[in-house]
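Engineer: Here you go, one structure.
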Amino acid sequence: FLALGDSYTIGQSVDASQRFPVQTAELLKQQNINVSSPGFIAVTGWTTGDLLNALNATPPANTFDIVTLLIGVNNQYQGRSLNEYKIDFTELLRRSVIYAGGKKVHIFVI
């Protein structure tokens, strides 16, 4: 389980158990679906470009059964262009497919 994003992904100001990827993993486990605890590549304040830079610097070494992608509010907050967001988000989505082992149905965009 890989969670990519920003403060909404890591649940800034809430207990780690309240992060949406952690809650999702717990709900799946309750349904007897074997899922690992999520790993996070997410930092408060990140834009799509920041997430891409982090993935370039330290790409995930494995593939994952689930990949979530929640990013973009900081692009808007910082007044970045919509075109920049479209280009970066498209690349992040492409990489998410790779991180999910090519299984597009295993990617959740929020």
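Identifiers for the structure tokens are assigned positionally: chains receive A, B, ... in sequence, residues are indexed from 1 per chain, and ligands are indexed from 1 in the order shown.
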Can you tell me which residues surround region 31-43 of chain A at a distance of at most 7 Å, considering only C-alpha atoms, apart from same-chain residues fewer than 6 positions away, and format the answer as a list of chain:residue names?

Structural biologist: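 Once the nearby chain positions are removed, what remains is A:Phe1, A:Leu2, A:Ala3, A:Leu4, A:Gly5, A:Asp6, A:Ser7, A:Thr9, A:Ile10, A:Pro21, A:Val22, A:Ala25.
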
Engineer: Just list the residues in chain A DSSP gives strand (DSSP E or B) on the backbone, as a list in words.

Structural biologist: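 Strand (DSSP E or B) members of chain A, listed: Leu2, Ala3, Leu4, Gly5, Gly39, Phe40, Ile41, Ala42, Val67, Thr68, Leu69, Leu70, Ile107, Phe108 and Val109 of chain A.
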
Engineer: Looking only at the backbone, which of the residues in chain A does DSSP tag as alpha helix (DSSP H), as a PyMOL selection string?

Structural biologist: chain A and resi 7-10+20-30+48-57+73-77+82-99

Engineer: How would the residues just chosen look if you wrote them out with N, CA and C atoms as a CSV table (one decimal), in the first residue's frame?

Structural biologist:
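The result, stored in result-v9.csv:
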```
chain,number,residue,atom,x,y,z
A,7,SER,N,-0.5,17.1,2.8
A,7,SER,CA,-1.0,17.1,4.1
A,7,SER,C,-2.3,16.4,4.3
A,8,TYR,N,-3.1,16.3,3.2
A,8,TYR,CA,-4.4,15.6,3.3
A,8,TYR,C,-4.1,14.1,3.4
A,9,THR,N,-3.0,13.7,2.7
A,9,THR,CA,-2.6,12.3,2.7
A,9,THR,C,-2.1,11.8,4.1
A,10,ILE,N,-1.2,12.6,4.7
A,10,ILE,CA,-0.7,12.3,6.0
A,10,ILE,C,-1.5,12.7,7.1
A,20,PHE,N,-6.5,8.8,6.2
A,20,PHE,CA,-7.4,8.0,5.3
A,20,PHE,C,-6.7,6.8,4.8
A,21,PRO,N,-5.4,6.7,4.4
A,21,PRO,CA,-4.9,5.4,4.0
A,21,PRO,C,-4.8,4.4,5.1
A,22,VAL,N,-4.6,4.8,6.3
A,22,VAL,CA,-4.6,3.9,7.5
A,22,VAL,C,-6.0,3.4,7.7
A,23,GLN,N,-7.0,4.2,7.7
A,23,GLN,CA,-8.4,3.8,7.8
A,23,GLN,C,-8.8,2.9,6.7
A,24,THR,N,-8.4,3.1,5.5
A,24,THR,CA,-8.7,2.3,4.4
A,24,THR,C,-8.1,0.9,4.6
A,25,ALA,N,-6.8,0.8,5.0
A,25,ALA,CA,-6.2,-0.5,5.2
A,25,ALA,C,-6.9,-1.2,6.3
A,26,GLU,N,-7.3,-0.6,7.3
A,26,GLU,CA,-8.1,-1.2,8.4
A,26,GLU,C,-9.4,-1.8,8.0
A,27,LEU,N,-10.1,-1.0,7.2
A,27,LEU,CA,-11.4,-1.4,6.6
A,27,LEU,C,-11.2,-2.7,5.7
A,28,LEU,N,-10.2,-2.7,4.9
A,28,LEU,CA,-9.9,-3.8,4.1
A,28,LEU,C,-9.6,-5.1,4.9
A,29,LYS,N,-8.8,-4.9,5.9
A,29,LYS,CA,-8.5,-6.0,6.8
A,29,LYS,C,-9.7,-6.6,7.5
A,30,GLN,N,-10.6,-5.7,7.9
A,30,GLN,CA,-11.9,-6.2,8.5
A,30,GLN,C,-12.7,-7.0,7.5
A,48,THR,N,2.5,19.3,-6.8
A,48,THR,CA,2.7,18.1,-7.7
A,48,THR,C,4.2,18.1,-8.0
A,49,GLY,N,4.8,19.2,-8.2
A,49,GLY,CA,6.3,19.3,-8.6
A,49,GLY,C,7.1,18.7,-7.4
A,50,ASP,N,6.8,19.1,-6.2
A,50,ASP,CA,7.5,18.6,-5.0
A,50,ASP,C,7.4,17.1,-4.9
A,51,LEU,N,6.3,16.5,-5.2
A,51,LEU,CA,6.1,15.1,-5.1
A,51,LEU,C,6.9,14.4,-6.2
A,52,LEU,N,6.9,15.0,-7.4
A,52,LEU,CA,7.7,14.4,-8.5
A,52,LEU,C,9.2,14.5,-8.1
A,53,ASN,N,9.6,15.6,-7.6
A,53,ASN,CA,11.0,15.7,-7.2
A,53,ASN,C,11.4,14.6,-6.1
A,54,ALA,N,10.5,14.4,-5.2
A,54,ALA,CA,10.8,13.4,-4.2
A,54,ALA,C,10.8,12.0,-4.8
A,55,LEU,N,10.0,11.7,-5.7
A,55,LEU,CA,10.0,10.4,-6.4
A,55,LEU,C,11.2,10.2,-7.3
A,56,ASN,N,11.6,11.3,-7.9
A,56,ASN,CA,12.9,11.3,-8.7
A,56,ASN,C,14.1,11.0,-7.8
A,57,ALA,N,14.1,11.6,-6.6
A,57,ALA,CA,15.3,11.4,-5.7
A,57,ALA,C,15.3,10.0,-5.1
A,73,VAL,N,-3.8,20.6,-3.9
A,73,VAL,CA,-4.4,21.8,-3.2
A,73,VAL,C,-3.3,22.9,-3.1
A,74,ASN,N,-2.0,22.4,-2.9
A,74,ASN,CA,-1.0,23.4,-2.7
A,74,ASN,C,-0.6,24.1,-4.0
A,75,ASN,N,-0.8,23.4,-5.1
A,75,ASN,CA,-0.6,24.1,-6.4
A,75,ASN,C,-1.6,25.3,-6.5
A,76,GLN,N,-2.8,25.0,-6.2
A,76,GLN,CA,-3.8,26.1,-6.2
A,76,GLN,C,-3.5,27.2,-5.2
A,77,TYR,N,-3.2,26.8,-4.0
A,77,TYR,CA,-2.9,27.7,-2.9
A,77,TYR,C,-1.7,28.6,-3.2
A,82,LEU,N,-2.8,26.1,-14.0
A,82,LEU,CA,-3.5,24.8,-14.2
A,82,LEU,C,-2.8,23.9,-15.2
A,83,ASN,N,-2.1,24.5,-16.1
A,83,ASN,CA,-1.3,23.8,-17.1
A,83,ASN,C,-0.2,23.0,-16.4
A,84,GLU,N,0.5,23.6,-15.5
A,84,GLU,CA,1.5,22.9,-14.7
A,84,GLU,C,1.0,21.8,-14.0
A,85,TYR,N,-0.2,22.0,-13.3
A,85,TYR,CA,-0.9,20.9,-12.6
A,85,TYR,C,-1.2,19.7,-13.5
A,86,LYS,N,-1.8,20.0,-14.7
A,86,LYS,CA,-2.1,19.0,-15.6
A,86,LYS,C,-1.0,18.1,-16.1
A,87,ILE,N,0.1,18.8,-16.4
A,87,ILE,CA,1.4,18.1,-16.8
A,87,ILE,C,1.9,17.2,-15.7
A,88,ASP,N,2.1,17.8,-14.5
A,88,ASP,CA,2.6,17.1,-13.3
A,88,ASP,C,1.7,16.0,-12.9
A,89,PHE,N,0.4,16.2,-12.8
A,89,PHE,CA,-0.5,15.2,-12.4
A,89,PHE,C,-0.6,14.0,-13.3
A,90,THR,N,-0.5,14.3,-14.6
A,90,THR,CA,-0.5,13.3,-15.6
A,90,THR,C,0.7,12.4,-15.4
A,91,GLU,N,1.9,13.0,-15.1
A,91,GLU,CA,3.1,12.2,-14.9
A,91,GLU,C,3.0,11.4,-13.6
A,92,LEU,N,2.4,12.0,-12.5
A,92,LEU,CA,2.2,11.3,-11.3
A,92,LEU,C,1.3,10.1,-11.5
A,93,LEU,N,0.2,10.3,-12.3
A,93,LEU,CA,-0.7,9.2,-12.5
A,93,LEU,C,0.0,8.1,-13.3
A,94,ARG,N,0.8,8.4,-14.3
A,94,ARG,CA,1.6,7.5,-15.1
A,94,ARG,C,2.5,6.6,-14.1
A,95,ARG,N,3.2,7.3,-13.2
A,95,ARG,CA,4.1,6.6,-12.3
A,95,ARG,C,3.3,5.8,-11.3
A,96,SER,N,2.1,6.2,-10.9
A,96,SER,CA,1.3,5.4,-10.0
A,96,SER,C,0.9,4.1,-10.6
A,97,VAL,N,0.7,4.1,-11.9
A,97,VAL,CA,0.4,2.8,-12.7
A,97,VAL,C,1.6,1.9,-12.5
A,98,ILE,N,2.8,2.5,-12.7
A,98,ILE,CA,4.0,1.7,-12.6
A,98,ILE,C,4.2,1.1,-11.2
A,99,TYR,N,3.9,2.0,-10.2
A,99,TYR,CA,4.1,1.6,-8.8
A,99,TYR,C,3.0,0.5,-8.4
```

Engineer: Using Å and a single decimal, report how far CA of Ile71 (chain A) sits from CA of Ser13 (chain A).

Structural biologist: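 Pair CA of Ser13 (chain A) / CA of Ile71 (chain A) returns 17.4 Å.
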